[in-house]
Every structure is written in C-alpha cells, then in structure tokens.
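**Q** Handing you this structure, nothing more for now.
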Amino acid sequence: MPALLDIRDLHAGYGAGEVLHGIALSVESGGVTALLGANGAGKTTTLRAICGMLPRSGEISFDGARIDAATTEAIARSGIAHVPDGRGTFLDLTVEENMRLGAYIRRDRGVAADIARFCALFPVLGARFHQQAGTLSGGEQQMLAIARALLSRPRLLLLDEPSFGLAPLIVQQLFATLAQIRAESGIGILLVEQNAGLALDFADHACILEAGRIALAGTAAALAADAQVRRVYLGY
C-alpha cells in the first residue's frame with residue numbers, strides 16, 4: 001500500500017534562500033509522523049511547501065496523485081487540512097462562524113452534524129458557540145483551529161506546534177482528543193512539535209530535521225530509545 005503522503009527530494013524556501021534541501025518523508029493512512037528539530041530547521045517550511053504556499057520542487061504525492069504543482073485551494077480540496085503555527089483563528093468572527101468557514105469546500109448536508117460532533121469533543125466550543133473567537137483563551141483557540149480544519153473532512157491533517165504556549169493540562173486534553181479523532185476517523189497526521197517527548201509518545205514514525213535536511217528517521221519508539229535523540233531533544 002502506498003503512503004497517504006509521500007515526499008521525495010523536496011526543496012523549498014523564501015525568495016532566493018533555500019530552506020529545505022531535498023528532504024523525504026511519508027505519512028501512512030491513519031498514521032502519525034512527527035517532524036522534530038530546532039527552531040529554523042525547516043519544519044514549518046515543510047508544511048507550507050506541502051500546502052503550496054511556497055515555491056517548491058521535488059515530488060509530493062497525496063493518495064497516489066502528484067500535488068507538487070497544485071494550487072493551495074486544490075490541495076485543500078484534495079483532502080489536506082493545515083492548522084498553522086499561531087492557530088490562524090479569525091478573531092472577529094464567532095466560534096460558529098469560524099467552524100462554518102472550515103466547511104466552506106463541502107457541498108454535503110452533514111456540516112451541522114459535524115459541528116455538533118466537534119462541540120461535543122471540545123465542549124468549550126459548544127459553550128461559547130456565539131462568542132467572538134478573540135475572547136477565547138489560547139487553548140480554546142487551538143481547539144477551535146483544529147475543529148475548523150477537521151470540518152473540511154480531510155484525510156490528512158498538518159499540525160504546526162499545537163502545544164505551543166498552552167498549559168500542560170490543556171495539552172494533555174488536546175492530544176487525548178486528537179487520539180480519539182484519529183481512532184474514529186482514520187485520519188493521517190503530520191505533526192510539527194517542539195515538545196519531542198510528547199510528539200514521540202503520540203506518533204508512529206518521526207523525522208528529525210537539521211538545517212533543512214533529514215538527520216534521523218525511524219519509528220517513534222526507536223528514536224525515543226536513541227541515546228543521541230534522548231540527550232539532544234529529551235534532555236536525559
């Protein structure tokens with residue numbers, strides 16, 4: 001079975017500055033691949049390149065079809081949803097309006113049922129359904145950003161630093177809900193995360209980026225057991 005997402009020899013950057021120098025990685029259908037590395041290693045650039053937000057070269061295949069020449073809109077319509085760093089919440093819109101924006105590409109009649117489902121998974125969204133998103137806490141806005149992305153019914157979710165700036169209890173709740181969503185829907189996830197221990201516990205496979213190149217890759221369990229990874233990324 002081919003990988004849901006398969007990246008080969010990906011180069012990307014900003015203007016004349018190349019950030020990614022021929023990386024390769026994959027995400028299995030229903031699996032989680034974590035992308036780790038120091039600030040500036042190219043993690044966010046990787047997600048943006050997949051979504052067509054940056055000039056890139058190389059091969060990006062999704063569900064067996066090449067998407068490296070596709071537009072950002074076409075990529076979203078193909079079944080890839082992106083939760084960017086900083087959450088990207090529309091602060092002046094209500095929780096409900098933010099969620100309905102996530103379903104803008106859909107033409108089916110299941111949107112209302114899905115909104116109700118995500119309000120059940122993230123109860124605070126239901127409790128604050130008619131509030132402006134800008135009045136939510138950081139953790140609540142992260143839940144809203146994830147719910148909004150999932151309302152497009154993607155097959156692949158790109159998550160950029162979902163735990164950043166959140167209290168440990170909120171992070172624990174967030175990842176427990178993500179695990180539930182993954183189990184129920186079979187969605188694949190490419191996770192960028194600074195908390196390496198958290199990411200390796202959650203993921204099936206992981207890659208470590210260094211200066212725009214893949215330095216290490218393997219199962220999450222194997223990397224968590226690697227002495228170099230433990231020393232540099234896990235602190236023991």
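If you're wondering about the labels, chains in the structure tokens are A, B, ... by order shown, residues count from 1 in each chain, ligands from 1 in order shown.
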Extract, using only C-alpha atoms, all DNA, RNA and protein residues at most 12 Å from stretch 94-107 of chain A, discarding same-chain residues fewer than 4 positions from it, and format them as a PDB file with C-alpha atoms, in the first residue's frame.

**A**
```
ATOM      1  CA  GLU A  73      -7.021  25.624  -2.946  1.00  0.00           C
ATOM      2  CA  ALA A  74      -6.744  22.426  -4.981  1.00  0.00           C
ATOM      3  CA  ILE A  75      -4.617  20.851  -2.255  1.00  0.00           C
ATOM      4  CA  ALA A  76      -7.202  21.764   0.384  1.00  0.00           C
ATOM      5  CA  ARG A  77      -9.976  20.320  -1.773  1.00  0.00           C
ATOM      6  CA  SER A  78      -7.985  17.110  -2.267  1.00  0.00           C
ATOM      7  CA  GLY A  79      -8.266  16.337   1.458  1.00  0.00           C
ATOM      8  CA  ILE A  80      -5.393  18.068   3.262  1.00  0.00           C
ATOM      9  CA  ALA A  81      -6.081  20.478   6.138  1.00  0.00           C
ATOM     10  CA  HIS A  82      -3.467  22.726   7.746  1.00  0.00           C
ATOM     11  CA  VAL A  83      -3.507  24.146  11.279  1.00  0.00           C
ATOM     12  CA  ARG A  87      -3.552  28.987  15.159  1.00  0.00           C
ATOM     13  CA  GLY A  88      -4.858  31.332  12.434  1.00  0.00           C
ATOM     14  CA  THR A  89      -8.167  31.904  14.212  1.00  0.00           C
ATOM     15  CA  PHE A  90     -10.433  34.616  12.793  1.00  0.00           C
ATOM     16  CA  VAL A 111     -21.995  20.054   8.242  1.00  0.00           C
ATOM     17  CA  ALA A 112     -24.417  20.719  11.105  1.00  0.00           C
ATOM     18  CA  ALA A 113     -23.920  17.189  12.455  1.00  0.00           C
ATOM     19  CA  ASP A 114     -20.150  17.557  12.275  1.00  0.00           C
ATOM     20  CA  ILE A 115     -20.268  20.902  14.083  1.00  0.00           C
ATOM     21  CA  ALA A 116     -22.307  19.267  16.829  1.00  0.00           C
ATOM     22  CA  ARG A 117     -19.794  16.412  16.987  1.00  0.00           C
ATOM     23  CA  PHE A 118     -16.826  18.718  17.433  1.00  0.00           C
ATOM     24  CA  CYS A 119     -18.677  20.777  20.007  1.00  0.00           C
ATOM     25  CA  PHE A 122     -14.422  20.167  22.555  1.00  0.00           C
ATOM     26  CA  VAL A 124     -15.907  24.684  25.481  1.00  0.00           C
ATOM     27  CA  LEU A 125     -16.669  25.406  21.803  1.00  0.00           C
ATOM     28  CA  GLY A 126     -20.296  24.490  22.332  1.00  0.00           C
ATOM     29  CA  ALA A 127     -20.456  26.588  25.496  1.00  0.00           C
ATOM     30  CA  ARG A 128     -19.031  29.615  23.659  1.00  0.00           C
ATOM     31  CA  PHE A 129     -20.600  28.953  20.277  1.00  0.00           C
ATOM     32  CA  HIS A 130     -21.798  32.548  19.735  1.00  0.00           C
ATOM     33  CA  GLN A 131     -18.803  34.326  21.307  1.00  0.00           C
ATOM     34  CA  GLN A 132     -16.147  36.098  19.279  1.00  0.00           C
ATOM     35  CA  ALA A 133     -13.139  33.829  18.853  1.00  0.00           C
ATOM     36  CA  GLY A 134     -10.870  36.600  20.096  1.00  0.00           C
ATOM     37  CA  THR A 135     -12.386  36.242  23.573  1.00  0.00           C
ATOM     38  CA  LEU A 136     -11.223  32.618  23.882  1.00  0.00           C
ATOM     39  CA  GLU A 140      -9.598  27.268  23.374  1.00  0.00           C
ATOM     40  CA  GLN A 141      -8.459  28.968  20.179  1.00  0.00           C
ATOM     41  CA  GLN A 142      -6.241  25.966  19.410  1.00  0.00           C
ATOM     42  CA  MET A 143      -9.218  23.645  19.849  1.00  0.00           C
ATOM     43  CA  LEU A 144     -11.243  25.879  17.530  1.00  0.00           C
ATOM     44  CA  ALA A 145      -8.485  25.899  14.902  1.00  0.00           C
ATOM     45  CA  ILE A 146      -8.335  22.104  14.930  1.00  0.00           C
ATOM     46  CA  ALA A 147     -12.125  21.745  14.790  1.00  0.00           C
ATOM     47  CA  ARG A 148     -12.280  24.231  11.909  1.00  0.00           C
ATOM     48  CA  ALA A 149      -9.663  22.237   9.972  1.00  0.00           C
ATOM     49  CA  LEU A 150     -11.428  18.939  10.619  1.00  0.00           C
ATOM     50  CA  LEU A 151     -14.726  20.333   9.348  1.00  0.00           C
ATOM     51  CA  SER A 152     -13.363  20.067   5.821  1.00  0.00           C
ATOM     52  CA  ARG A 153     -13.341  16.280   6.413  1.00  0.00           C
ATOM     53  CA  PRO A 154      -9.666  15.924   5.476  1.00  0.00           C
TER      54      PRO A 154
END
```

**Q** For stretch 63-174 of chain A versus stretch 28-35 of chain A, which residues have an atom no more than 12 Å away, and what is each residue's nearest atom pair and distance in Å rounded to one decimal, using only C-alpha atoms, chain-then-number order, as JSON lines?

**A**
```
{"residue": "A:Asp63", "atom": "CA", "partner": "A:Ser29", "partner_atom": "CA", "distance": 8.7}
{"residue": "A:Gly64", "atom": "CA", "partner": "A:Ser29", "partner_atom": "CA", "distance": 11.5}
{"residue": "A:Pro154", "atom": "CA", "partner": "A:Gly30", "partner_atom": "CA", "distance": 11.6}
{"residue": "A:Arg155", "atom": "CA", "partner": "A:Ser29", "partner_atom": "CA", "distance": 7.9}
{"residue": "A:Leu156", "atom": "CA", "partner": "A:Ser29", "partner_atom": "CA", "distance": 8.1}
{"residue": "A:Leu157", "atom": "CA", "partner": "A:Val32", "partner_atom": "CA", "distance": 9.5}
{"residue": "A:Leu158", "atom": "CA", "partner": "A:Thr33", "partner_atom": "CA", "distance": 10.0}
{"residue": "A:Leu159", "atom": "CA", "partner": "A:Ala34", "partner_atom": "CA", "distance": 9.5}
{"residue": "A:Asp160", "atom": "CA", "partner": "A:Leu35", "partner_atom": "CA", "distance": 9.5}
{"residue": "A:Glu161", "atom": "CA", "partner": "A:Leu35", "partner_atom": "CA", "distance": 10.2}
```

**Q** Near A:Asp201, counting only C-alpha atoms, which residues have an atom at most 9 Å away, once you skip same-chain residues fewer than 4 positions from it, shown as number ranges by chain?

**A** A: 196-197, 220-221, 224

**Q** Just the strand (DSSP E or B) stuff from stretch 70-220 of chain A, please, per backbone DSSP, written as a ChimeraX atom specification.

**A** /A:80-83,94,132,156-160,188-192,205-210,213-219

**Q** Kindly give the distance, in Å, that separates atom CA of A:Gln173 and atom CA of A:Lys43, rounded to a single decimal.

**A**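 Atom CA of A:Lys43 lies at a distance of 24.0 Å from atom CA of A:Gln173.
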
**Q** Can you tell me how far atom CA of A:Leu4 sits from atom CA of A:Ser61, in Å to one decimal?

**A**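 Between these atoms lies a distance of 7.8 Å.
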
**Q** List the spatial neighbours of A:Ile181 as a ChimeraX atom specification - criterion: any atom at most 10 Å away, only C-alpha atoms, same-chain residues fewer than 5 positions off excluded.

**A** /A:118,121,150,175-176,186-187
